[in-house]
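Undergrad: Below is the file structure-v9.tsv, with TSV, C-alpha atoms and all ligand atoms.
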```tsv
chain	number	residue	atom	x	y	z
L	46	MET	CA	-93.86	-71.43	-30.34
L	47	THR	CA	-93.90	-68.85	-27.48
L	48	ALA	CA	-94.78	-65.23	-28.35
L	49	ARG	CA	-91.46	-63.72	-29.30
L	50	THR	CA	-91.99	-60.44	-27.52
L	51	SER	CA	-88.34	-59.62	-26.93
L	52	LEU	CA	-84.77	-60.83	-27.20
L	53	ARG	CA	-84.79	-61.05	-23.42
L	54	SER	CA	-87.79	-63.42	-23.31
L	55	VAL	CA	-86.31	-65.70	-25.95
L	56	ALA	CA	-82.90	-65.69	-24.28
L	57	GLU	CA	-84.44	-66.44	-20.89
L	58	SER	CA	-86.43	-69.34	-22.31
L	59	ARG	CA	-83.14	-70.68	-23.66
L	60	GLY	CA	-81.24	-70.11	-20.41
L	61	PHE	CA	-78.88	-67.76	-22.25
L	62	ASP	CA	-77.75	-64.31	-21.14
L	63	VAL	CA	-77.67	-61.43	-23.64
L	64	GLY	CA	-76.20	-58.28	-22.18
L	65	ALA	CA	-75.11	-54.74	-22.91
L	66	ALA	CA	-72.57	-52.23	-21.61
L	67	VAL	CA	-74.46	-49.43	-19.89
L	68	ASP	CA	-73.74	-45.71	-19.64
L	69	ALA	CA	-75.00	-44.22	-16.34
L	70	ASP	CA	-75.84	-40.80	-17.77
L	71	LEU	CA	-78.02	-42.30	-20.54
L	72	LEU	CA	-79.66	-44.53	-17.94
L	73	ARG	CA	-80.64	-41.46	-15.91
L	74	ASN	CA	-81.61	-39.12	-18.74
L	75	ASP	CA	-82.90	-41.23	-21.65
L	76	ALA	CA	-86.15	-43.16	-21.05
L	77	GLY	CA	-85.98	-44.78	-24.49
L	78	TYR	CA	-82.54	-46.15	-23.54
L	79	TRP	CA	-83.47	-47.78	-20.25
L	80	LYS	CA	-86.79	-49.11	-21.55
L	81	LEU	CA	-84.95	-50.82	-24.41
L	82	LEU	CA	-82.33	-52.15	-22.00
L	83	ARG	CA	-84.93	-53.52	-19.57
L	84	ARG	CA	-87.07	-55.12	-22.32
L	85	GLU	CA	-84.37	-56.64	-24.51
L	86	PHE	CA	-81.41	-57.61	-22.31
L	87	THR	CA	-80.84	-60.03	-19.39
L	88	THR	CA	-77.46	-58.67	-18.27
L	89	VAL	CA	-75.82	-55.28	-17.65
L	90	THR	CA	-72.16	-54.25	-17.44
L	91	PRO	CA	-71.32	-50.68	-16.34
L	92	GLU	CA	-69.32	-49.37	-19.34
L	93	ASN	CA	-67.12	-47.07	-17.21
L	94	ALA	CA	-68.66	-46.49	-13.76
L	95	LEU	CA	-66.88	-49.35	-11.94
L	96	LYS	CA	-63.43	-48.53	-13.28
L	97	MET	CA	-60.80	-47.19	-10.89
L	98	GLY	CA	-60.57	-43.67	-12.34
L	99	PRO	CA	-64.31	-42.87	-12.17
L	100	LEU	CA	-64.57	-44.50	-8.71
L	101	ARG	CA	-61.58	-42.74	-7.14
L	102	PRO	CA	-61.74	-38.94	-7.56
L	103	SER	CA	-59.08	-38.60	-4.85
L	104	PRO	CA	-56.82	-40.96	-2.86
L	105	ASP	CA	-59.17	-41.30	0.13
L	106	THR	CA	-62.57	-41.00	-1.51
L	107	TYR	CA	-64.91	-43.14	-3.60
L	108	ASP	CA	-67.73	-41.98	-5.89
L	109	PHE	CA	-70.22	-44.86	-6.25
L	110	GLY	CA	-73.03	-42.71	-7.72
L	111	ASP	CA	-72.85	-43.93	-11.32
L	112	ALA	CA	-71.96	-47.50	-10.37
L	113	ASP	CA	-74.90	-47.76	-7.95
L	114	ALA	CA	-77.25	-46.41	-10.63
L	115	VAL	CA	-76.31	-49.18	-13.10
L	116	VAL	CA	-76.05	-52.00	-10.53
L	117	ASN	CA	-79.36	-51.11	-8.86
L	118	PHE	CA	-81.07	-50.85	-12.25
L	119	GLY	CA	-79.94	-54.37	-13.02
L	120	LEU	CA	-81.17	-55.66	-9.67
L	121	GLU	CA	-84.50	-53.86	-9.94
L	122	TYR	CA	-85.25	-55.63	-13.23
L	123	ASP	CA	-83.86	-59.06	-12.27
L	124	MET	CA	-80.88	-58.81	-14.56
L	125	THR	CA	-77.43	-60.37	-14.13
L	126	VAL	CA	-74.81	-57.75	-13.26
L	127	ARG	CA	-71.22	-57.99	-14.51
L	128	GLY	CA	-68.63	-55.88	-12.70
L	129	HIS	CA	-65.99	-54.31	-14.96
L	130	THR	CA	-63.16	-54.01	-13.88
L	131	LEU	CA	-61.15	-54.02	-10.61
L	132	VAL	CA	-57.62	-53.90	-12.13
L	133	TRP	CA	-56.74	-52.31	-15.47
L	134	HIS	CA	-53.91	-50.23	-16.94
L	135	ASN	CA	-56.36	-47.73	-18.49
L	136	GLN	CA	-58.63	-45.23	-16.72
L	137	THR	CA	-56.50	-45.20	-13.59
L	138	PRO	CA	-57.17	-42.12	-11.39
L	139	GLU	CA	-55.81	-38.85	-12.77
L	140	TRP	CA	-54.11	-38.14	-9.39
L	141	PHE	CA	-51.90	-41.20	-9.96
L	142	GLU	CA	-49.76	-38.85	-12.06
L	143	GLU	CA	-48.75	-36.83	-9.00
L	144	TRP	CA	-48.64	-39.75	-6.58
L	145	ALA	CA	-45.04	-40.61	-5.58
L	146	TYR	CA	-45.98	-44.17	-4.92
L	147	THR	CA	-43.82	-47.05	-3.70
L	148	ASP	CA	-44.30	-50.71	-4.63
L	149	ASP	CA	-45.78	-51.33	-1.17
L	150	GLY	CA	-47.96	-48.25	-1.61
L	151	ILE	CA	-49.37	-49.62	-4.87
L	152	GLU	CA	-49.98	-53.04	-3.35
L	153	GLY	CA	-51.77	-51.58	-0.32
L	154	PHE	CA	-53.83	-49.25	-2.48
L	155	LEU	CA	-54.92	-52.10	-4.78
L	156	ARG	CA	-55.82	-54.40	-1.86
L	157	ASP	CA	-57.95	-51.71	-0.21
L	158	HIS	CA	-59.57	-50.77	-3.52
L	159	ILE	CA	-60.58	-54.35	-4.31
L	160	HIS	CA	-61.76	-55.09	-0.78
L	161	THR	CA	-63.84	-51.89	-0.74
L	162	VAL	CA	-65.36	-52.08	-4.23
L	163	ALA	CA	-65.97	-55.83	-4.53
L	164	GLY	CA	-67.06	-55.91	-0.86
L	165	ARG	CA	-69.63	-53.17	-1.41
L	166	TYR	CA	-71.36	-55.18	-4.16
L	167	ARG	CA	-70.88	-58.55	-2.49
L	168	ASP	CA	-74.51	-59.65	-2.96
L	169	LYS	CA	-75.26	-57.50	-6.01
L	170	ILE	CA	-72.65	-58.29	-8.65
L	171	ASP	CA	-72.69	-61.82	-10.12
L	172	VAL	CA	-69.46	-61.77	-12.12
L	173	TRP	CA	-66.36	-59.61	-11.83
L	174	ASP	CA	-63.71	-58.89	-14.48
L	175	VAL	CA	-61.08	-58.86	-11.75
L	176	VAL	CA	-58.14	-58.21	-14.10
L	177	ASN	CA	-58.52	-56.73	-17.59
L	178	GLU	CA	-55.98	-56.84	-20.45
L	179	ALA	CA	-52.80	-57.95	-18.57
L	180	ILE	CA	-51.31	-59.46	-21.74
L	181	ALA	CA	-49.76	-57.17	-24.40
L	182	ASP	CA	-50.51	-57.75	-28.09
L	183	ASP	CA	-47.18	-59.57	-28.59
L	184	GLY	CA	-48.10	-62.08	-25.87
L	185	SER	CA	-45.78	-60.66	-23.22
L	186	MET	CA	-46.96	-59.39	-19.81
L	187	ARG	CA	-48.21	-55.84	-20.28
L	188	GLU	CA	-46.06	-53.25	-18.54
L	189	THR	CA	-48.48	-51.62	-16.12
L	190	VAL	CA	-48.25	-49.79	-12.78
L	191	TRP	CA	-49.47	-53.03	-11.15
L	192	TYR	CA	-46.99	-55.32	-12.93
L	193	ASP	CA	-44.11	-52.92	-12.31
L	194	ALA	CA	-44.84	-52.85	-8.58
L	195	MET	CA	-45.83	-56.49	-7.94
L	196	GLY	CA	-44.81	-58.57	-10.96
L	197	GLU	CA	-47.20	-61.28	-12.20
L	198	ALA	CA	-48.22	-61.84	-8.57
L	199	TYR	CA	-50.56	-58.85	-8.87
L	200	LEU	CA	-53.02	-61.12	-10.66
L	201	ASP	CA	-52.86	-63.81	-7.94
L	202	GLU	CA	-53.26	-61.17	-5.22
L	203	ALA	CA	-56.10	-59.38	-7.01
L	204	PHE	CA	-58.13	-62.58	-7.40
L	205	GLY	CA	-57.39	-63.53	-3.79
L	206	TRP	CA	-58.49	-60.13	-2.49
L	207	ALA	CA	-61.68	-60.25	-4.53
L	208	ASP	CA	-62.34	-63.77	-3.28
L	209	ASP	CA	-61.97	-62.49	0.29
L	210	VAL	CA	-65.01	-60.23	-0.03
L	211	THR	CA	-67.39	-61.53	-2.72
L	212	ASP	CA	-69.14	-64.71	-3.86
L	213	ALA	CA	-69.20	-63.44	-7.46
L	214	ASP	CA	-67.56	-65.49	-10.21
L	215	LEU	CA	-64.09	-64.10	-10.84
L	216	TYR	CA	-62.94	-63.61	-14.43
L	217	TYR	CA	-59.87	-62.66	-16.41
L	218	ASN	CA	-60.93	-60.50	-19.44
L	219	ASP	CA	-59.03	-59.59	-22.60
L	220	TYR	CA	-59.27	-58.51	-26.27
L	221	GLY	CA	-57.68	-59.87	-29.43
L	222	ALA	CA	-57.56	-63.33	-27.80
L	223	ASP	CA	-60.95	-64.55	-29.04
L	224	GLY	CA	-59.81	-67.34	-31.38
L	225	ILE	CA	-56.68	-69.47	-31.25
L	226	ASN	CA	-53.72	-67.12	-31.77
L	227	GLU	CA	-50.42	-66.02	-30.20
L	228	LYS	CA	-52.18	-63.74	-27.71
L	229	SER	CA	-54.81	-66.30	-26.64
L	230	ASP	CA	-51.99	-68.83	-26.22
L	231	ALA	CA	-50.34	-66.37	-23.84
L	232	VAL	CA	-53.62	-65.87	-21.98
L	233	TYR	CA	-53.99	-69.67	-21.78
L	234	ASP	CA	-50.47	-70.03	-20.34
L	235	LEU	CA	-51.07	-67.18	-17.87
L	236	ILE	CA	-54.26	-68.76	-16.59
L	237	THR	CA	-52.86	-72.28	-16.49
L	238	GLY	CA	-50.11	-70.90	-14.25
L	239	MET	CA	-52.66	-69.19	-12.00
L	240	LEU	CA	-54.63	-72.43	-11.66
L	241	ASP	CA	-51.42	-74.26	-10.77
L	242	ARG	CA	-50.98	-71.72	-7.96
L	243	ASP	CA	-54.61	-72.27	-6.80
L	244	VAL	CA	-55.66	-68.75	-7.71
L	245	PRO	CA	-59.50	-68.54	-7.26
L	246	ILE	CA	-60.39	-67.85	-10.93
L	247	ASP	CA	-63.75	-69.04	-12.32
L	248	GLY	CA	-63.77	-67.87	-15.90
L	249	VAL	CA	-62.41	-66.07	-18.93
L	250	GLY	CA	-63.98	-63.15	-20.77
L	251	LEU	CA	-63.40	-62.91	-24.52
L	252	GLN	CA	-64.16	-59.31	-25.44
L	253	LEU	CA	-64.68	-59.99	-29.20
L	254	HIS	CA	-64.38	-56.51	-30.64
L	255	ALA	CA	-64.64	-57.55	-34.32
L	256	LEU	CA	-63.57	-54.15	-35.60
L	257	HIS	CA	-61.01	-54.81	-38.31
L	258	ASP	CA	-61.54	-58.49	-38.79
L	259	GLU	CA	-63.98	-61.18	-37.73
L	260	PRO	CA	-62.32	-63.86	-35.55
L	261	ASP	CA	-63.27	-67.23	-37.08
L	262	PRO	CA	-66.22	-68.70	-35.10
L	263	GLY	CA	-64.71	-72.19	-35.28
L	264	SER	CA	-61.46	-70.91	-33.80
L	265	VAL	CA	-63.40	-69.06	-31.10
L	266	ALA	CA	-65.18	-72.31	-30.24
L	267	GLU	CA	-61.82	-74.16	-30.03
L	268	ASN	CA	-60.53	-71.45	-27.71
L	269	VAL	CA	-63.64	-71.72	-25.51
L	270	TYR	CA	-63.27	-75.51	-25.30
L	271	ARG	CA	-59.66	-75.35	-24.13
L	272	PHE	CA	-60.54	-72.99	-21.28
L	273	GLU	CA	-63.53	-75.16	-20.39
L	274	ASP	CA	-61.15	-78.12	-20.30
L	275	LEU	CA	-59.34	-76.24	-17.50
L	276	GLY	CA	-62.65	-76.24	-15.58
L	277	LEU	CA	-63.39	-72.60	-16.37
L	278	ASP	CA	-66.46	-70.89	-17.80
L	279	VAL	CA	-66.19	-68.56	-20.78
L	280	GLN	CA	-68.27	-65.48	-21.65
L	281	ILE	CA	-68.30	-63.12	-24.64
L	282	THR	CA	-68.04	-59.83	-22.77
L	283	GLU	CA	-67.78	-56.82	-25.15
L	284	MET	CA	-68.93	-57.76	-28.66
L	285	ASP	CA	-69.32	-55.27	-31.46
L	286	VAL	CA	-68.84	-55.65	-35.20
L	287	ALA	CA	-67.60	-52.97	-37.62
L	288	TYR	CA	-65.93	-52.87	-41.03
L	289	PRO	CA	-63.00	-50.76	-42.28
L	290	GLU	CA	-63.71	-48.23	-45.00
L	291	GLY	CA	-62.91	-49.71	-48.39
L	292	GLU	CA	-63.77	-53.19	-47.15
L	293	VAL	CA	-67.40	-52.62	-46.23
L	294	PRO	CA	-69.53	-55.48	-47.59
L	295	GLU	CA	-72.39	-54.24	-49.77
L	296	ASP	CA	-75.03	-55.59	-47.38
L	297	HIS	CA	-72.86	-55.09	-44.34
L	298	ARG	CA	-75.80	-55.22	-41.92
L	299	GLU	CA	-76.71	-58.66	-43.24
L	300	GLN	CA	-73.09	-59.82	-43.00
L	301	GLN	CA	-72.93	-58.35	-39.50
L	302	ALA	CA	-76.10	-60.28	-38.62
L	303	GLN	CA	-74.63	-63.53	-39.87
L	304	TYR	CA	-71.47	-62.97	-37.85
L	305	TYR	CA	-73.38	-62.27	-34.62
L	306	ARG	CA	-75.42	-65.39	-35.39
L	307	SER	CA	-72.32	-67.53	-35.93
L	308	ILE	CA	-70.84	-66.39	-32.60
L	309	VAL	CA	-74.08	-67.16	-30.71
L	310	GLU	CA	-74.12	-70.58	-32.41
L	311	ALA	CA	-70.53	-71.14	-31.26
L	312	CYS	CA	-71.62	-70.20	-27.75
L	313	LEU	CA	-74.57	-72.60	-27.79
L	314	ASP	CA	-72.36	-75.40	-29.16
L	315	THR	CA	-69.65	-74.89	-26.55
L	316	GLY	CA	-71.72	-74.16	-23.44
L	317	CYS	CA	-70.78	-70.48	-23.25
L	318	GLU	CA	-73.99	-69.02	-21.82
L	319	THR	CA	-73.41	-65.25	-21.99
L	320	LEU	CA	-72.86	-62.72	-24.77
L	321	VAL	CA	-72.61	-59.02	-23.95
L	322	THR	CA	-72.58	-56.30	-26.62
L	323	TRP	CA	-70.45	-53.25	-25.85
L	324	GLY	CA	-73.30	-50.75	-25.84
L	325	VAL	CA	-77.05	-50.74	-26.46
L	326	ARG	CA	-77.62	-48.65	-29.64
L	327	ASP	CA	-75.29	-47.79	-32.49
L	328	GLY	CA	-75.40	-44.15	-31.44
L	329	ASP	CA	-74.05	-45.02	-27.96
L	330	SER	CA	-71.07	-47.03	-29.20
L	331	TRP	CA	-67.49	-46.12	-28.25
L	332	VAL	CA	-66.29	-47.16	-31.75
L	333	PRO	CA	-66.83	-43.94	-33.78
L	334	GLY	CA	-65.15	-41.88	-31.03
L	335	TRP	CA	-62.04	-44.07	-31.08
L	336	PHE	CA	-61.78	-45.25	-34.67
L	337	SER	CA	-62.41	-43.08	-37.72
L	338	GLY	CA	-62.65	-45.12	-40.89
L	339	LEU	CA	-64.85	-47.88	-39.47
L	340	THR	CA	-68.59	-48.35	-40.02
L	341	ASP	CA	-70.42	-46.63	-37.15
L	342	ASP	CA	-73.18	-49.18	-36.54
L	343	PRO	CA	-71.57	-52.08	-34.58
L	344	LEU	CA	-74.49	-53.05	-32.30
L	345	LEU	CA	-77.99	-54.59	-32.38
L	346	PHE	CA	-80.13	-51.42	-32.41
L	347	ASP	CA	-80.27	-48.36	-34.67
L	348	GLY	CA	-81.95	-45.99	-32.25
L	349	SER	CA	-84.82	-48.09	-30.93
L	350	THR	CA	-85.06	-50.06	-34.19
L	351	PRO	CA	-83.83	-53.69	-33.99
L	352	LYS	CA	-81.36	-54.45	-36.76
L	353	PRO	CA	-80.86	-57.68	-38.76
L	354	ALA	CA	-78.26	-58.67	-36.13
L	355	TYR	CA	-80.94	-58.51	-33.41
L	356	HIS	CA	-83.26	-60.75	-35.41
L	357	ALA	CA	-80.45	-63.16	-36.26
L	358	ILE	CA	-79.64	-63.65	-32.56
L	359	MET	CA	-83.35	-63.94	-31.74
L	360	ASP	CA	-83.80	-66.63	-34.43
L	361	VAL	CA	-80.85	-68.76	-33.38
L	362	LEU	CA	-81.89	-68.61	-29.70
L	363	ALA	CA	-85.51	-69.39	-30.59
L	364	GLU	CA	-84.46	-72.50	-32.53
L	365	GLY	CA	-84.56	-75.33	-30.02
L	366	SER	CA	-85.95	-73.25	-27.13
L	367	ASP	CA	-89.49	-74.72	-27.43
Y	1	LIG	O1	-66.46	-38.94	-17.82
Y	1	LIG	C1	-65.52	-38.10	-18.46
Y	1	LIG	C2	-66.13	-36.71	-18.61
Y	1	LIG	O2	-66.29	-36.15	-17.31
Y	1	LIG	C3	-65.18	-35.84	-19.43
Y	1	LIG	O3	-65.80	-34.58	-19.65
Y	1	LIG	C4	-64.95	-36.55	-20.79
Y	1	LIG	C5	-64.02	-35.76	-21.67
Y	1	LIG	O4	-62.70	-36.04	-21.37
Y	1	LIG	O5	-64.34	-37.85	-20.56
Y	1	LIG	C6	-65.24	-38.68	-19.86
Y	1	LIG	O6	-64.60	-39.89	-19.64
Y	1	LIG	C7	-64.54	-40.72	-20.82
Y	1	LIG	C8	-65.28	-42.04	-20.49
Y	1	LIG	O7	-65.11	-42.98	-21.59
Y	1	LIG	C9	-66.76	-41.83	-20.26
Y	1	LIG	O8	-67.36	-41.37	-21.41
Y	1	LIG	C10	-63.07	-41.03	-21.07
Y	1	LIG	O9	-62.46	-39.80	-21.51
Y	1	LIG	C11	-62.94	-42.07	-22.18
Y	1	LIG	O10	-61.57	-42.47	-22.32
Y	1	LIG	C12	-63.75	-43.33	-21.78
Y	1	LIG	O11	-63.67	-44.23	-22.87
Y	1	LIG	C13	-63.95	-45.58	-22.46
Y	1	LIG	C14	-62.73	-46.45	-22.74
Y	1	LIG	O12	-63.04	-47.82	-22.41
Y	1	LIG	C15	-61.53	-46.02	-21.94
Y	1	LIG	O13	-60.45	-46.76	-22.30
Y	1	LIG	C16	-65.12	-46.09	-23.32
Y	1	LIG	O14	-66.31	-45.35	-23.01
Y	1	LIG	C17	-65.37	-47.58	-23.05
Y	1	LIG	O15	-66.32	-48.08	-23.97
Y	1	LIG	C18	-64.06	-48.35	-23.23
Y	1	LIG	O16	-64.31	-49.70	-22.87
Y	1	LIG	C19	-63.20	-50.62	-22.99
Y	1	LIG	C20	-63.37	-51.69	-21.93
Y	1	LIG	O17	-63.44	-51.12	-20.67
Y	1	LIG	C21	-62.23	-52.68	-22.01
Y	1	LIG	N1	-62.08	-53.24	-23.35
Y	1	LIG	C22	-62.06	-52.29	-24.45
Y	1	LIG	C23	-63.24	-51.32	-24.35
Y	1	LIG	C24	-63.20	-50.36	-25.53
Y	1	LIG	O18	-62.04	-49.56	-25.45
```
Let me see the file written as structure tokens.
TA:
Amino acid sequence: MTARTSLRSVAESRGFDVGAAVDADLLRNDAGYWKLLRREFTTVTPENALKMGPLRPSPDTYDFGDADAVVNFGLEYDMTVRGHTLVWHNQTPEWFEEWAYTDDGIEGFLRDHIHTVAGRYRDKIDVWDVVNEAIADDGSMRETVWYDAMGEAYLDEAFGWADDVTDADLYYNDYGADGINEKSDAVYDLITGMLDRDVPIDGVGLQLHALHDEPDPGSVAENVYRFEDLGLDVQITEMDVAYPEGEVPEDHREQQAQYYRSIVEACLDTGCETLVTWGVRDGDSWVPGWFSGLTDDPLLFDGSTPKPAYHAIMDVLAEGSD
């Protein structure tokens, strides 16, 4: 048995990627944060820095400061870098409000944005979430500024434009579509259509925010298999686990650990080789800021202390890695 020094070393020996969403300010100002990140994780995703709003302070300018900080950190420590996200309905630039745009204006803006951003990180980013959350919770196409201007073709164009300028794997990413359900059926139909139109898509990201319920691991595995049957890869891209007040299991950290374990087992069974948690430490998580009434410890670390969930993932990855 190899010396289990870190989650990263065990994951690497298993050929599995364990990642975390990264905040650029914490990376710059908190040594404990980046040391933990470097020691324990194989993959980084900028939590906000590569989104359109943060990148585009004005129509003709880009601010790559935060994005470069996270991407270069990943490269410096031989980590996989996931780009998140080129096209999304949230965190669009504030100046969009005043912009009297036309459909052609939107299309031109999006093309230039994707060519510029994905082109800049051509040799640095391994995987891009090209389009994020295009399906509404009822399974219909989400009404967004992109859909309104270009229809469903905005997805085809976005993947094509990214493919023009990067060798990264190109993913569609969404939430609430982790197991087999109405929304994941809609995602499946959307992607099947894109493949029929020869859109250059390589994979699907299942966010897996288990915040009010825990998607059944068996159903998640079934969902992964059906996308793999389309010739696509699948990654768990934004996992966190929290429980609603009044339904908090007594030993919720043990239950949380078992759930993380069951999802990693589903990954290992299905050939999904990447699981990213949406943050590094409980204290950095977006969850408490967005949801009152949920447990506030959805990740693998309490400060710098590894939690039962960390050890559960370590154990399941260590099994069979020797
Ligand atoms: O950077 C500004 C700061 O200058 C300003 O002072 C402050 C107060 O308004 O806001 C800061 O921006 C915030 C940003 O996080 C950085 O902290 C935004 O208001 C806030 O909305 C943004 O929240 C992010 C959220 O996406 C936006 O929808 C969360 O951190 C981030 O974890 C979350 O991530 C999303 C994924 O991208 C997609 N899937 C769901 C996931 C959770 O919502």
Undergrad: Residues within 8 Å of ligand LIG 1 (chain Y) (all atoms listed in the file), as a list in words?
TA: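 Using all atoms listed in the file, everything at most 8 Å from ligand LIG 1 (chain Y) comes to Ala66, Asp68, Glu92, Asn93, Lys96, Pro99, His129, Thr130, Asn135, Gln136, Asn177, Glu178, Asp219, Tyr220, Gln252, His254, Glu283, Trp323, Gly324, Ser330, Trp331, Val332 and Trp335 of chain L.
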Undergrad: For the atom pair CA of Tyr146 in chain L and CA of Trp191 in chain L, what is the interatomic distance in Å to one decimal place?
TA: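 Interatomic distance, CA of Tyr146 in chain L to CA of Trp191 in chain L: 11.4 Å.
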Undergrad: Quick one, how far is CA of Gly224 in chain L from CA of Val63 in chain L?
TA: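 Separation between CA of Gly224 in chain L and CA of Val63 in chain L: 20.3 Å.
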Undergrad: Within 7 Å of Val321 in chain L, counting all atoms listed in the file, which residues show up once you throw out same-chain ones fewer than 3 positions away? Write them as a ChimeraX atom specification, please.
TA: /L:63-65,281-284
Undergrad: Just the number, please: distance in Å from CA of Ser349 in chain L to CA of Arg84 in chain L, one decimal.
TA: 11.3 Å
Undergrad: Which residue is closest to Phe346 in chain L? Choose from L:Leu362, L:Ala198, L:Leu275, L:Leu82 and count all atoms listed in the file.
TA: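 Checking each of L:Leu362, L:Ala198, L:Leu275, L:Leu82 against Phe346 in chain L, counting all atoms listed in the file, the winner is L:Leu82.
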Undergrad: Which one of L:Ala203, L:Leu344, L:Val116, L:Met195 sits closest to Arg156 in chain L if you count all atoms listed in the file?
TA: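 Looking only at the distances to Arg156 in chain L, the closest residue turns out to be L:Ala203.
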